[in-house]
Amino acid sequence: MKFSEMTYTRPDMTAITQQFQALLRDFEAASNAQQQIDIFAKINDLRFQFMSMESLASIRHSIDTRDEFYKAEQDFFDEVSPDMQALETKLREMIVKSPFRSELEQTYGSQVFRLADVYSRSFSDAIVEEMKQNNRLVTEYNALVASAKIPFRGEVLTLSQLGKYVNDPDRTVRKEANEARYAFFAEHEQEFDDLYDRMVKLRTSMAKKLGYENYVQMGYDRMGRTDYGQAEAAVFRKQVEEYIVPLSEELRSRQRTRIGLDKMHYYDLGFHFTSGNPAPKGDPEWIMANGVKMYEELSPETHTFFSFMSDNELLDLLSRDGKRVGGYCTVIPNHKSPFIFANFNGTAHDVTVLTHEAGHAFQVYESRNQPVPEYLFPTSEAAEIHSMSMEFFTWDWMHLFFKEDTEKFKFYHMSTSVMTIPYLVTVDEFQHFVYEHPEATPAERKAAWRDIERKYLPSRNYEENDYLERGGFWHQQLHIFNYPFYYIDYALAQICALEFWKRMNEDRQAAWSDYLHLCQLGGSRSFVELVKAANLISPFEDGCVKSIIGDIRAWLDSVDDQAL
């Protein structure tokens, strides 16, 4: 069914609650495993129906945040999703205590039970009101960012529309565009600080109510991290500091030389070539047409998948007034349909966001028949393996988009993939500071951000911008506000994607076969189990990063980037 034909109906929460509770009573009273399996399937159908309506409302609200109908529906889900979560928590409490748990695990696998353990631990009816407040604050943050109307050279632009100017070859233009961007954030600095302060205090209050020392472990539990914790994350950050930061700094030095500067400022960081950053050679419709060709040729599975997406209007890619910033992939379970949302702006990011979100969507498509909502996507660090690896699996088709600039794009893609990892762990370490010190003032938070930046991103130079020098850069990072602790996931996944890149250079067919298998597993296993199933080395294993850094460095050194 085409997206425009998908019917949205606001869920009747009274009816859903009554049905859900009746099924829970039946589940608890069941006298054998098969009865519980049948009832569990009915409960999951009810959950899929609610998720489908929630997805439709969220997508349509994202497409036009000014649409009053879907704004109201988004507000509705902000209010009722904690109530749904309360019902799901009761379900999880029942399945983990079921006398037929071993039979249920044989049918559904162990992961849904491990997730039930951590999700149950991190939720209680006692925090439903705080969760509703949190949802309202998240919506408030998204609306504040989406409200940006930035005067620039005679135009009034959204943050997404400004994107193509912030890395302009003309240094004056990119400086002006960056100053305009951060002038918006600086103008609303107190609003961002106040919003985040309320979020931190609210989340800390929830954690303490549930018996946690602070929000950190609660955040890990809510992310569904069943087989690693804070210690493993710290070990990984240490590997990044030891192996990735030095290579990243070398690449920054090469970049500075390449663009002919004695000293790089914050507005130069995104500018990589004097001839301009690689950009697609056509408009969005042309990019889409080449995307169809690329996925047709990549594999029979991607051909089927992308035809389905294109034929059913499951991609919304163009930047427009009132459209939410960013990009994402979600799923509409009742239609077994992924949906890709993006904001094209005429930069190379248009191609990478297409391949990235298509990686997510391909995984959802391949695992669309998984029997429980928890398995449609894996936990987020595993989910990002699909997206980031797809960026590399599509390298052989980049000539379709970049033509004579293909080598430039590949060097840009690889070097920025490496240089982004230190930023990702900066965000992670910052969030540990924030929630370990919830009493910190906004000024202290920004000072901590700046200190952590200097550790992982030592060449960042904000001396021309007081707002950034004081540590305001993170205000634009929606994950910090909306999805606590969801950011190291990208770094873990990037390492796994780079492992796939190394393997595809050695045996492409074997690498693709393992990638396809990984996608088909969906979320039916934990992160470390999925990594193992894909024949990759876990990022938490000592030596993982070291095992790929030599190949990456050798490839980067083989490119004469000064000539690009």
# chains A, B, ... in the order shown; residues from 1 in each chain; ligands from 1
>>> residues_around(residues="Leu247 (chain A)", least_positions_apart="5", cutoff="9 Å", atoms="only C-alpha atoms", output="MDAnalysis selection string")
chainID A and resid 252 418:419 549 553
>>> residues_around(residues="region 290-297 of chain A", least_positions_apart="4", cutoff="7 Å", atoms="only C-alpha atoms", output="number ranges by chain")
A: 286, 302-303, 306, 397, 400
>>> residues_around(residues="Leu536 (chain A)", least_positions_apart="6", cutoff="9 Å", atoms="only C-alpha atoms", output="list in words")
Cys496, Glu499, Phe500 and Leu530 of chain A
>>> residues_around(residues="Phe411 (chain A)", least_positions_apart="3", cutoff="9 Å", atoms="only C-alpha atoms", output="PyMOL selection string")
chain A and resi 406-408+414-416+555-556+559+561
>>> closest_residue(among="A:Ala33, A:Val80, A:Ala231, A:Val325", to="Gln476 (chain A)", atoms="only C-alpha atoms")
A:Val325
>>> select_by_dssp(residues="region 278-427 of chain A", states="strand (DSSP E)", output="MDAnalysis selection string")
chainID A and resid 315:318 328:332 337:344
>>> select_by_dssp(residues="region 412-557 of chain A", states="alpha helix (DSSP H)", output="MDAnalysis selection string")
chainID A and resid 412:436 442:456 466:469 478:482 488:506 508:521 527:533 544:557
>>> atom_distance(atom1="CA of Phe362 (chain A)", atom2="CA of Ile537 (chain A)")
22.7 Å
>>> closest_residue(among="A:Tyr267, A:Phe409, A:Trp474, A:Tyr70", to="Trp395 (chain A)", atoms="only C-alpha atoms")
A:Phe409
>>> residues_around(residues="Arg10 (chain A)", least_positions_apart="5", cutoff="10 Å", atoms="only C-alpha atoms", output="VMD selection string")
chain A and resid 50 53 to 54 57 73 76 to 77
>>> write_last_selection(atoms="N, CA and C atoms", output="PDB file, in the first residue's frame")
ATOM      1  N   PHE A  50      -0.883  -0.550  17.603  1.00  0.00           N
ATOM      2  CA  PHE A  50      -0.586   0.727  18.265  1.00  0.00           C
ATOM      3  C   PHE A  50       0.662   1.358  17.651  1.00  0.00           C
ATOM      4  N   MET A  53       0.004   3.042  14.200  1.00  0.00           N
ATOM      5  CA  MET A  53      -0.648   4.349  14.265  1.00  0.00           C
ATOM      6  C   MET A  53       0.324   5.405  14.802  1.00  0.00           C
ATOM      7  N   GLU A  54       1.111   5.017  15.795  1.00  0.00           N
ATOM      8  CA  GLU A  54       2.102   5.944  16.349  1.00  0.00           C
ATOM      9  C   GLU A  54       3.115   6.343  15.276  1.00  0.00           C
ATOM     10  N   ALA A  57       1.475   8.758  12.678  1.00  0.00           N
ATOM     11  CA  ALA A  57       1.322  10.107  13.242  1.00  0.00           C
ATOM     12  C   ALA A  57       2.677  10.807  13.326  1.00  0.00           C
ATOM     13  N   GLU A  73      -1.979  14.869  17.174  1.00  0.00           N
ATOM     14  CA  GLU A  73      -1.806  13.419  17.318  1.00  0.00           C
ATOM     15  C   GLU A  73      -0.455  13.100  17.961  1.00  0.00           C
ATOM     16  N   PHE A  76      -0.880  13.635  21.489  1.00  0.00           N
ATOM     17  CA  PHE A  76      -1.641  12.505  22.040  1.00  0.00           C
ATOM     18  C   PHE A  76      -0.705  11.348  22.387  1.00  0.00           C
ATOM     19  N   PHE A  77       0.189  10.998  21.452  1.00  0.00           N
ATOM     20  CA  PHE A  77       1.101   9.872  21.711  1.00  0.00           C
ATOM     21  C   PHE A  77       2.122  10.218  22.796  1.00  0.00           C
TER      22      PHE A  77
END
>>> closest_residue(among="A:Ala72, A:Ile552, A:Val427, A:Ala186", to="Ile480 (chain A)", atoms="only C-alpha atoms")
A:Val427
>>> residues_around(residues="region 131-140 of chain A", least_positions_apart="6", cutoff="10 Å", atoms="only C-alpha atoms", output="ChimeraX atom specification")
/A:71,74-75,77-83,123,125,146,195-196,198-200,202-203,206,478,481-483
>>> write_last_selection(atoms="N, CA and C atoms", output="PDB file, in the first residue's frame")
ATOM      1  N   LYS A  71       0.063  17.449  14.635  1.00  0.00           N
ATOM      2  CA  LYS A  71       0.680  17.985  15.850  1.00  0.00           C
ATOM      3  C   LYS A  71      -0.120  17.518  17.070  1.00  0.00           C
ATOM      4  N   GLN A  74       0.570  13.872  17.614  1.00  0.00           N
ATOM      5  CA  GLN A  74       1.872  13.679  18.265  1.00  0.00           C
ATOM      6  C   GLN A  74       1.758  13.981  19.761  1.00  0.00           C
ATOM      7  N   ASP A  75       1.057  15.040  20.088  1.00  0.00           N
ATOM      8  CA  ASP A  75       0.819  15.363  21.504  1.00  0.00           C
ATOM      9  C   ASP A  75       0.078  14.219  22.195  1.00  0.00           C
ATOM     10  N   PHE A  77       0.189  10.998  21.452  1.00  0.00           N
ATOM     11  CA  PHE A  77       1.101   9.872  21.711  1.00  0.00           C
ATOM     12  C   PHE A  77       2.122  10.218  22.796  1.00  0.00           C
ATOM     13  N   ASP A  78       2.528  11.487  22.870  1.00  0.00           N
ATOM     14  CA  ASP A  78       3.395  11.894  23.979  1.00  0.00           C
ATOM     15  C   ASP A  78       2.723  11.596  25.313  1.00  0.00           C
ATOM     16  N   GLU A  79       1.391  11.773  25.334  1.00  0.00           N
ATOM     17  CA  GLU A  79       0.650  11.554  26.567  1.00  0.00           C
ATOM     18  C   GLU A  79       0.421  10.072  26.856  1.00  0.00           C
ATOM     19  N   VAL A  80       0.061   9.309  25.815  1.00  0.00           N
ATOM     20  CA  VAL A  80      -0.403   7.934  26.079  1.00  0.00           C
ATOM     21  C   VAL A  80       0.682   6.867  25.947  1.00  0.00           C
ATOM     22  N   SER A  81       1.811   7.188  25.285  1.00  0.00           N
ATOM     23  CA  SER A  81       2.829   6.137  25.111  1.00  0.00           C
ATOM     24  C   SER A  81       3.355   5.612  26.453  1.00  0.00           C
ATOM     25  N   PRO A  82       3.503   6.454  27.493  1.00  0.00           N
ATOM     26  CA  PRO A  82       3.883   5.876  28.792  1.00  0.00           C
ATOM     27  C   PRO A  82       2.826   4.919  29.348  1.00  0.00           C
ATOM     28  N   ASP A  83       1.543   5.182  29.054  1.00  0.00           N
ATOM     29  CA  ASP A  83       0.482   4.267  29.497  1.00  0.00           C
ATOM     30  C   ASP A  83       0.631   2.922  28.778  1.00  0.00           C
ATOM     31  N   PHE A 123      11.435   0.714  34.318  1.00  0.00           N
ATOM     32  CA  PHE A 123      10.102   1.316  34.192  1.00  0.00           C
ATOM     33  C   PHE A 123       9.230   0.905  35.369  1.00  0.00           C
ATOM     34  N   ASP A 125       5.037   2.128  37.058  1.00  0.00           N
ATOM     35  CA  ASP A 125       3.894   3.055  37.028  1.00  0.00           C
ATOM     36  C   ASP A 125       4.212   4.354  37.767  1.00  0.00           C
ATOM     37  N   ALA A 146      13.270  23.279  14.956  1.00  0.00           N
ATOM     38  CA  ALA A 146      12.560  23.399  13.677  1.00  0.00           C
ATOM     39  C   ALA A 146      12.087  24.824  13.409  1.00  0.00           C
ATOM     40  N   LEU A 195      15.898  23.926  29.013  1.00  0.00           N
ATOM     41  CA  LEU A 195      15.233  22.696  28.579  1.00  0.00           C
ATOM     42  C   LEU A 195      16.025  21.474  29.037  1.00  0.00           C
ATOM     43  N   TYR A 196      17.345  21.515  28.796  1.00  0.00           N
ATOM     44  CA  TYR A 196      18.170  20.360  29.139  1.00  0.00           C
ATOM     45  C   TYR A 196      18.255  20.172  30.651  1.00  0.00           C
ATOM     46  N   ARG A 198      15.991  20.864  32.823  1.00  0.00           N
ATOM     47  CA  ARG A 198      14.747  20.219  33.246  1.00  0.00           C
ATOM     48  C   ARG A 198      14.749  18.735  32.887  1.00  0.00           C
ATOM     49  N   MET A 199      15.277  18.402  31.694  1.00  0.00           N
ATOM     50  CA  MET A 199      15.358  16.998  31.283  1.00  0.00           C
ATOM     51  C   MET A 199      16.245  16.189  32.237  1.00  0.00           C
ATOM     52  N   VAL A 200      17.423  16.735  32.551  1.00  0.00           N
ATOM     53  CA  VAL A 200      18.378  16.015  33.401  1.00  0.00           C
ATOM     54  C   VAL A 200      17.792  15.779  34.786  1.00  0.00           C
ATOM     55  N   LEU A 202      14.650  15.750  35.642  1.00  0.00           N
ATOM     56  CA  LEU A 202      13.505  14.846  35.521  1.00  0.00           C
ATOM     57  C   LEU A 202      13.975  13.393  35.409  1.00  0.00           C
ATOM     58  N   ARG A 203      14.959  13.161  34.549  1.00  0.00           N
ATOM     59  CA  ARG A 203      15.467  11.795  34.356  1.00  0.00           C
ATOM     60  C   ARG A 203      16.152  11.275  35.617  1.00  0.00           C
ATOM     61  N   MET A 206      13.467  10.205  38.003  1.00  0.00           N
ATOM     62  CA  MET A 206      12.913   8.900  37.626  1.00  0.00           C
ATOM     63  C   MET A 206      13.849   7.777  38.080  1.00  0.00           C
ATOM     64  N   LEU A 478      20.709  16.581  18.716  1.00  0.00           N
ATOM     65  CA  LEU A 478      19.387  16.215  19.219  1.00  0.00           C
ATOM     66  C   LEU A 478      19.409  14.952  20.076  1.00  0.00           C
ATOM     67  N   PHE A 481      19.553  15.534  23.809  1.00  0.00           N
ATOM     68  CA  PHE A 481      18.285  15.964  24.398  1.00  0.00           C
ATOM     69  C   PHE A 481      17.235  14.849  24.360  1.00  0.00           C
ATOM     70  N   ASN A 482      17.109  14.215  23.201  1.00  0.00           N
ATOM     71  CA  ASN A 482      15.972  13.323  22.961  1.00  0.00           C
ATOM     72  C   ASN A 482      16.217  11.873  23.347  1.00  0.00           C
ATOM     73  N   TYR A 483      17.462  11.404  23.181  1.00  0.00           N
ATOM     74  CA  TYR A 483      17.745   9.977  23.337  1.00  0.00           C
ATOM     75  C   TYR A 483      18.999   9.775  24.193  1.00  0.00           C
TER      76      TYR A 483
END
>>> closest_residue(among="A:Met51, A:Val372, A:Val545, A:Val216", to="Glu242 (chain A)", atoms="only C-alpha atoms")
A:Val545
